[in-house]
>>> print(open('data-v1.cif').read())   # mmCIF, N, CA and C atoms
data_coords
loop_
_atom_site.label_atom_id
_atom_site.label_comp_id
_atom_site.auth_asym_id
_atom_site.auth_seq_id
_atom_site.Cartn_x
_atom_site.Cartn_y
_atom_site.Cartn_z
N MET R 25 -6.04 -4.43 -6.50
CA MET R 25 -4.86 -4.76 -5.74
C MET R 25 -3.69 -4.84 -6.71
N THR R 26 -2.56 -4.35 -6.26
CA THR R 26 -1.32 -4.51 -6.99
C THR R 26 -0.32 -5.14 -6.04
N ALA R 27 0.56 -5.97 -6.57
CA ALA R 27 1.50 -6.69 -5.72
C ALA R 27 2.93 -6.47 -6.21
N ALA R 28 3.87 -6.81 -5.34
CA ALA R 28 5.31 -6.71 -5.59
C ALA R 28 5.76 -5.26 -5.43
N ALA R 29 6.68 -4.83 -6.29
CA ALA R 29 7.19 -3.47 -6.17
C ALA R 29 6.05 -2.47 -6.33
N ALA R 30 6.07 -1.46 -5.52
CA ALA R 30 4.99 -0.46 -5.56
C ALA R 30 4.99 0.27 -6.89
N PRO R 31 3.80 0.52 -7.44
CA PRO R 31 3.75 1.35 -8.64
C PRO R 31 4.17 2.77 -8.27
N PRO R 32 4.63 3.53 -9.23
CA PRO R 32 4.99 4.91 -8.95
C PRO R 32 3.79 5.67 -8.40
N PRO R 33 4.02 6.61 -7.49
CA PRO R 33 2.91 7.40 -6.97
C PRO R 33 2.06 8.05 -8.06
N ALA R 34 2.68 8.42 -9.17
CA ALA R 34 1.92 9.05 -10.26
C ALA R 34 0.86 8.10 -10.82
N VAL R 35 1.17 6.80 -10.87
CA VAL R 35 0.20 5.81 -11.36
C VAL R 35 -0.95 5.69 -10.37
N LEU R 36 -0.63 5.59 -9.07
CA LEU R 36 -1.67 5.51 -8.05
C LEU R 36 -2.53 6.77 -8.05
N PHE R 37 -1.90 7.91 -8.26
CA PHE R 37 -2.63 9.18 -8.32
C PHE R 37 -3.63 9.17 -9.47
N LYS R 38 -3.18 8.76 -10.65
CA LYS R 38 -4.08 8.71 -11.82
C LYS R 38 -5.22 7.72 -11.59
N MET R 39 -4.91 6.58 -10.98
CA MET R 39 -5.95 5.58 -10.70
C MET R 39 -7.00 6.16 -9.75
N SER R 40 -6.55 6.92 -8.74
CA SER R 40 -7.51 7.51 -7.81
C SER R 40 -8.38 8.56 -8.49
N GLN R 41 -7.80 9.26 -9.46
CA GLN R 41 -8.57 10.27 -10.18
C GLN R 41 -9.74 9.67 -10.97
N ILE R 42 -9.59 8.41 -11.38
CA ILE R 42 -10.68 7.79 -12.14
C ILE R 42 -11.52 6.84 -11.28
N GLY R 43 -11.33 6.95 -9.95
CA GLY R 43 -12.23 6.26 -9.04
C GLY R 43 -11.75 4.96 -8.41
N PHE R 44 -10.50 4.59 -8.63
CA PHE R 44 -9.98 3.35 -8.04
C PHE R 44 -9.21 3.64 -6.76
N ARG R 45 -9.36 2.78 -5.77
CA ARG R 45 -8.49 2.81 -4.60
C ARG R 45 -7.69 1.51 -4.65
N VAL R 46 -6.43 1.64 -5.00
CA VAL R 46 -5.56 0.48 -5.20
C VAL R 46 -4.94 0.09 -3.86
N ALA R 47 -5.04 -1.19 -3.52
CA ALA R 47 -4.39 -1.73 -2.34
C ALA R 47 -3.05 -2.31 -2.76
N HIS R 48 -1.98 -1.87 -2.10
CA HIS R 48 -0.65 -2.35 -2.43
C HIS R 48 -0.27 -3.46 -1.45
N THR R 49 0.07 -4.63 -2.00
CA THR R 49 0.49 -5.76 -1.18
C THR R 49 1.87 -6.21 -1.61
N TYR R 50 2.51 -6.99 -0.76
CA TYR R 50 3.83 -7.50 -1.08
C TYR R 50 3.97 -8.90 -0.49
N GLY R 51 4.57 -9.79 -1.22
CA GLY R 51 4.77 -11.15 -0.76
C GLY R 51 4.58 -12.12 -1.91
N LEU R 52 4.63 -13.38 -1.63
CA LEU R 52 4.51 -14.40 -2.66
C LEU R 52 3.04 -14.63 -3.01
N SER R 53 2.41 -13.59 -3.52
CA SER R 53 0.97 -13.63 -3.77
C SER R 53 0.58 -14.68 -4.80
N GLU R 54 1.51 -15.07 -5.66
CA GLU R 54 1.17 -16.09 -6.66
C GLU R 54 1.13 -17.50 -6.07
N THR R 55 1.65 -17.69 -4.85
CA THR R 55 1.64 -19.03 -4.26
C THR R 55 0.79 -19.14 -3.01
N PHE R 56 0.84 -18.16 -2.12
CA PHE R 56 0.07 -18.29 -0.88
C PHE R 56 -0.54 -17.00 -0.39
N GLY R 57 -0.49 -16.00 -1.16
CA GLY R 57 -1.09 -14.74 -0.74
C GLY R 57 -0.04 -13.73 -0.30
N PRO R 58 -0.45 -12.49 -0.17
CA PRO R 58 0.51 -11.45 0.20
C PRO R 58 0.97 -11.57 1.65
N SER R 59 2.13 -11.00 1.91
CA SER R 59 2.70 -11.01 3.27
C SER R 59 2.41 -9.72 4.01
N THR R 60 2.41 -8.62 3.30
CA THR R 60 2.11 -7.33 3.92
C THR R 60 1.15 -6.57 3.02
N ILE R 61 0.49 -5.62 3.62
CA ILE R 61 -0.43 -4.76 2.87
C ILE R 61 -0.31 -3.34 3.40
N CYS R 62 -0.43 -2.40 2.52
CA CYS R 62 -0.49 -1.01 2.93
C CYS R 62 -1.95 -0.74 3.26
N ALA R 63 -2.30 -0.85 4.53
CA ALA R 63 -3.69 -0.67 4.96
C ALA R 63 -4.06 0.81 4.91
N TRP R 64 -5.13 1.10 4.20
CA TRP R 64 -5.58 2.49 4.08
C TRP R 64 -6.04 3.00 5.43
N LYS R 65 -5.63 4.21 5.76
CA LYS R 65 -6.03 4.84 7.02
C LYS R 65 -7.04 5.94 6.71
N PRO R 66 -8.19 5.94 7.39
CA PRO R 66 -9.21 6.95 7.11
C PRO R 66 -8.69 8.38 7.20
N LYS R 67 -7.69 8.64 8.05
CA LYS R 67 -7.17 10.01 8.15
C LYS R 67 -6.49 10.46 6.86
N TRP R 68 -6.14 9.53 5.97
CA TRP R 68 -5.55 9.88 4.68
C TRP R 68 -6.58 10.45 3.72
N ASP R 69 -7.87 10.21 3.96
CA ASP R 69 -8.91 10.66 3.05
C ASP R 69 -8.90 12.16 2.81
N ASN R 70 -8.45 12.93 3.78
CA ASN R 70 -8.48 14.39 3.66
C ASN R 70 -7.17 14.99 3.15
N LEU R 71 -6.20 14.14 2.85
CA LEU R 71 -4.92 14.63 2.34
C LEU R 71 -5.00 14.84 0.83
N PRO R 72 -4.11 15.67 0.28
CA PRO R 72 -4.09 15.83 -1.18
C PRO R 72 -3.85 14.47 -1.85
N GLN R 73 -4.40 14.28 -3.05
CA GLN R 73 -4.28 13.00 -3.73
C GLN R 73 -2.83 12.60 -3.98
N GLU R 74 -1.96 13.55 -4.24
CA GLU R 74 -0.55 13.23 -4.46
C GLU R 74 0.06 12.61 -3.20
N THR R 75 -0.29 13.16 -2.04
CA THR R 75 0.20 12.63 -0.76
C THR R 75 -0.38 11.26 -0.50
N GLN R 76 -1.66 11.09 -0.79
CA GLN R 76 -2.30 9.78 -0.63
C GLN R 76 -1.57 8.73 -1.47
N ALA R 77 -1.24 9.07 -2.69
CA ALA R 77 -0.56 8.13 -3.58
C ALA R 77 0.81 7.74 -3.02
N LYS R 78 1.54 8.70 -2.49
CA LYS R 78 2.86 8.39 -1.91
C LYS R 78 2.72 7.48 -0.70
N LEU R 79 1.75 7.74 0.15
CA LEU R 79 1.54 6.90 1.33
C LEU R 79 1.12 5.48 0.93
N ASN R 80 0.38 5.37 -0.14
CA ASN R 80 -0.13 4.06 -0.57
C ASN R 80 0.93 3.20 -1.24
N THR R 81 2.11 3.72 -1.49
CA THR R 81 3.17 2.91 -2.10
C THR R 81 3.98 2.16 -1.04
N ARG R 82 3.65 2.36 0.21
CA ARG R 82 4.42 1.74 1.29
C ARG R 82 3.70 0.52 1.84
N GLN R 83 4.44 -0.59 1.99
CA GLN R 83 3.88 -1.74 2.67
C GLN R 83 4.14 -1.55 4.15
N GLY R 84 3.46 -2.30 4.98
CA GLY R 84 3.76 -2.13 6.37
C GLY R 84 2.97 -2.96 7.35
N VAL R 85 1.76 -3.35 7.03
CA VAL R 85 0.98 -4.12 7.98
C VAL R 85 1.17 -5.59 7.66
N ARG R 86 1.79 -6.31 8.57
CA ARG R 86 2.05 -7.73 8.32
C ARG R 86 0.81 -8.56 8.61
N TYR R 87 0.72 -9.68 7.96
CA TYR R 87 -0.35 -10.62 8.22
C TYR R 87 -0.03 -11.39 9.50
N THR R 88 -1.03 -11.95 10.12
CA THR R 88 -0.90 -12.61 11.42
C THR R 88 0.19 -13.67 11.44
N ALA R 89 0.34 -14.43 10.39
CA ALA R 89 1.32 -15.53 10.36
C ALA R 89 2.76 -15.05 10.33
N LEU R 90 2.98 -13.76 10.19
CA LEU R 90 4.34 -13.22 10.06
C LEU R 90 4.69 -12.34 11.25
N GLU R 91 4.53 -12.85 12.45
CA GLU R 91 4.69 -12.04 13.65
C GLU R 91 6.09 -11.45 13.81
N HIS R 92 7.11 -12.04 13.19
CA HIS R 92 8.48 -11.53 13.35
C HIS R 92 8.93 -10.64 12.19
N LEU R 93 8.04 -10.35 11.28
CA LEU R 93 8.37 -9.49 10.15
C LEU R 93 8.47 -8.04 10.60
N ASP R 94 9.50 -7.35 10.16
CA ASP R 94 9.64 -5.92 10.43
C ASP R 94 9.67 -5.17 9.11
N VAL R 95 9.00 -4.07 9.05
CA VAL R 95 9.06 -3.17 7.91
C VAL R 95 9.70 -1.89 8.42
N VAL R 96 10.83 -1.51 7.82
CA VAL R 96 11.58 -0.36 8.31
C VAL R 96 11.91 0.59 7.18
N ASP R 97 12.13 1.84 7.53
CA ASP R 97 12.65 2.80 6.58
C ASP R 97 14.15 2.60 6.48
N THR R 98 14.70 2.73 5.28
CA THR R 98 16.16 2.62 5.12
C THR R 98 16.71 3.90 4.56
#
>>> encode(input="data-v1.cif", output="structure tokens")
Amino acid sequence: MTAAAAPPPAVLFKMSQIGFRVAHTYGLSETFGPSTICAWKPKWDNLPQETQAKLNTRQGVRYTALEHLDVVDT
């Protein structure tokens, strides 16, 4: 798991090449846990690794306690 700002897609790509699937989370993980997580979608398994890495840099699935949180593209 990595938290805070997403690592560059190139880092996630290299990690996947050596067998790691990194979960990207965001939130005050040092005090109460992450607020959002980029939940892996099985349909991503068949995409090129570079595309998988780019998708994995995005947060988006909020935890239950954060019902009013929105994640948007800017």
>>> resolve_selection(input="data-v1.cif", expression="the PyMOL selection byres ((chain R and resi 73) around 8)", output="PyMOL selection string")
chain R and resi 33+36-38+40-41+69-72+74-79
>>> resolve_selection(input="data-v1.cif", expression="the PyMOL selection byres ((chain R and resi 42-49) around 8)", output="PyMOL selection string")
chain R and resi 25-31+36-41+50-53+57-64+80-84
>>> atom_distance(input="data-v1.cif", atom1="atom C of Pro66 in chain R", atom2="CA of Val85 in chain R")
15.8 Å
>>> select_by_dssp(input="data-v1.cif", residues="chain R", states="strand (DSSP E or B)", output="PDB file with N, CA and C atoms, in the frame of the given file")
ATOM      1  N   THR R  26      -2.560  -4.350  -6.260  1.00  0.00           N
ATOM      2  CA  THR R  26      -1.320  -4.510  -6.990  1.00  0.00           C
ATOM      3  C   THR R  26      -0.320  -5.140  -6.040  1.00  0.00           C
ATOM      4  N   ALA R  27       0.560  -5.970  -6.570  1.00  0.00           N
ATOM      5  CA  ALA R  27       1.500  -6.690  -5.720  1.00  0.00           C
ATOM      6  C   ALA R  27       2.930  -6.470  -6.210  1.00  0.00           C
ATOM      7  N   HIS R  48      -1.980  -1.870  -2.100  1.00  0.00           N
ATOM      8  CA  HIS R  48      -0.650  -2.350  -2.430  1.00  0.00           C
ATOM      9  C   HIS R  48      -0.270  -3.460  -1.450  1.00  0.00           C
ATOM     10  N   THR R  49       0.070  -4.630  -2.000  1.00  0.00           N
ATOM     11  CA  THR R  49       0.490  -5.760  -1.180  1.00  0.00           C
ATOM     12  C   THR R  49       1.870  -6.210  -1.610  1.00  0.00           C
ATOM     13  N   TYR R  50       2.510  -6.990  -0.760  1.00  0.00           N
ATOM     14  CA  TYR R  50       3.830  -7.500  -1.080  1.00  0.00           C
ATOM     15  C   TYR R  50       3.970  -8.900  -0.490  1.00  0.00           C
ATOM     16  N   THR R  60       2.410  -8.620   3.300  1.00  0.00           N
ATOM     17  CA  THR R  60       2.110  -7.330   3.920  1.00  0.00           C
ATOM     18  C   THR R  60       1.150  -6.570   3.020  1.00  0.00           C
ATOM     19  N   ILE R  61       0.490  -5.620   3.620  1.00  0.00           N
ATOM     20  CA  ILE R  61      -0.430  -4.760   2.870  1.00  0.00           C
ATOM     21  C   ILE R  61      -0.310  -3.340   3.400  1.00  0.00           C
ATOM     22  N   VAL R  85       1.760  -3.350   7.030  1.00  0.00           N
ATOM     23  CA  VAL R  85       0.980  -4.120   7.980  1.00  0.00           C
ATOM     24  C   VAL R  85       1.170  -5.590   7.660  1.00  0.00           C
ATOM     25  N   ARG R  86       1.790  -6.310   8.570  1.00  0.00           N
ATOM     26  CA  ARG R  86       2.050  -7.730   8.320  1.00  0.00           C
ATOM     27  C   ARG R  86       0.810  -8.560   8.610  1.00  0.00           C
TER      28      ARG R  86
END
>>> atom_distance(input="data-v1.cif", atom1="atom N of His92 in chain R", atom2="CA of Pro32 in chain R")
28.0 Å
>>> atom_distance(input="data-v1.cif", atom1="atom N of Val96 in chain R", atom2="atom N of Trp68 in chain R")
20.3 Å
>>> select_by_dssp(input="data-v1.cif", residues="range 25-81 of chain R", states="helix (DSSP H, G or I)", output="PyMOL selection string")
chain R and resi 33-41+66-70+73-79
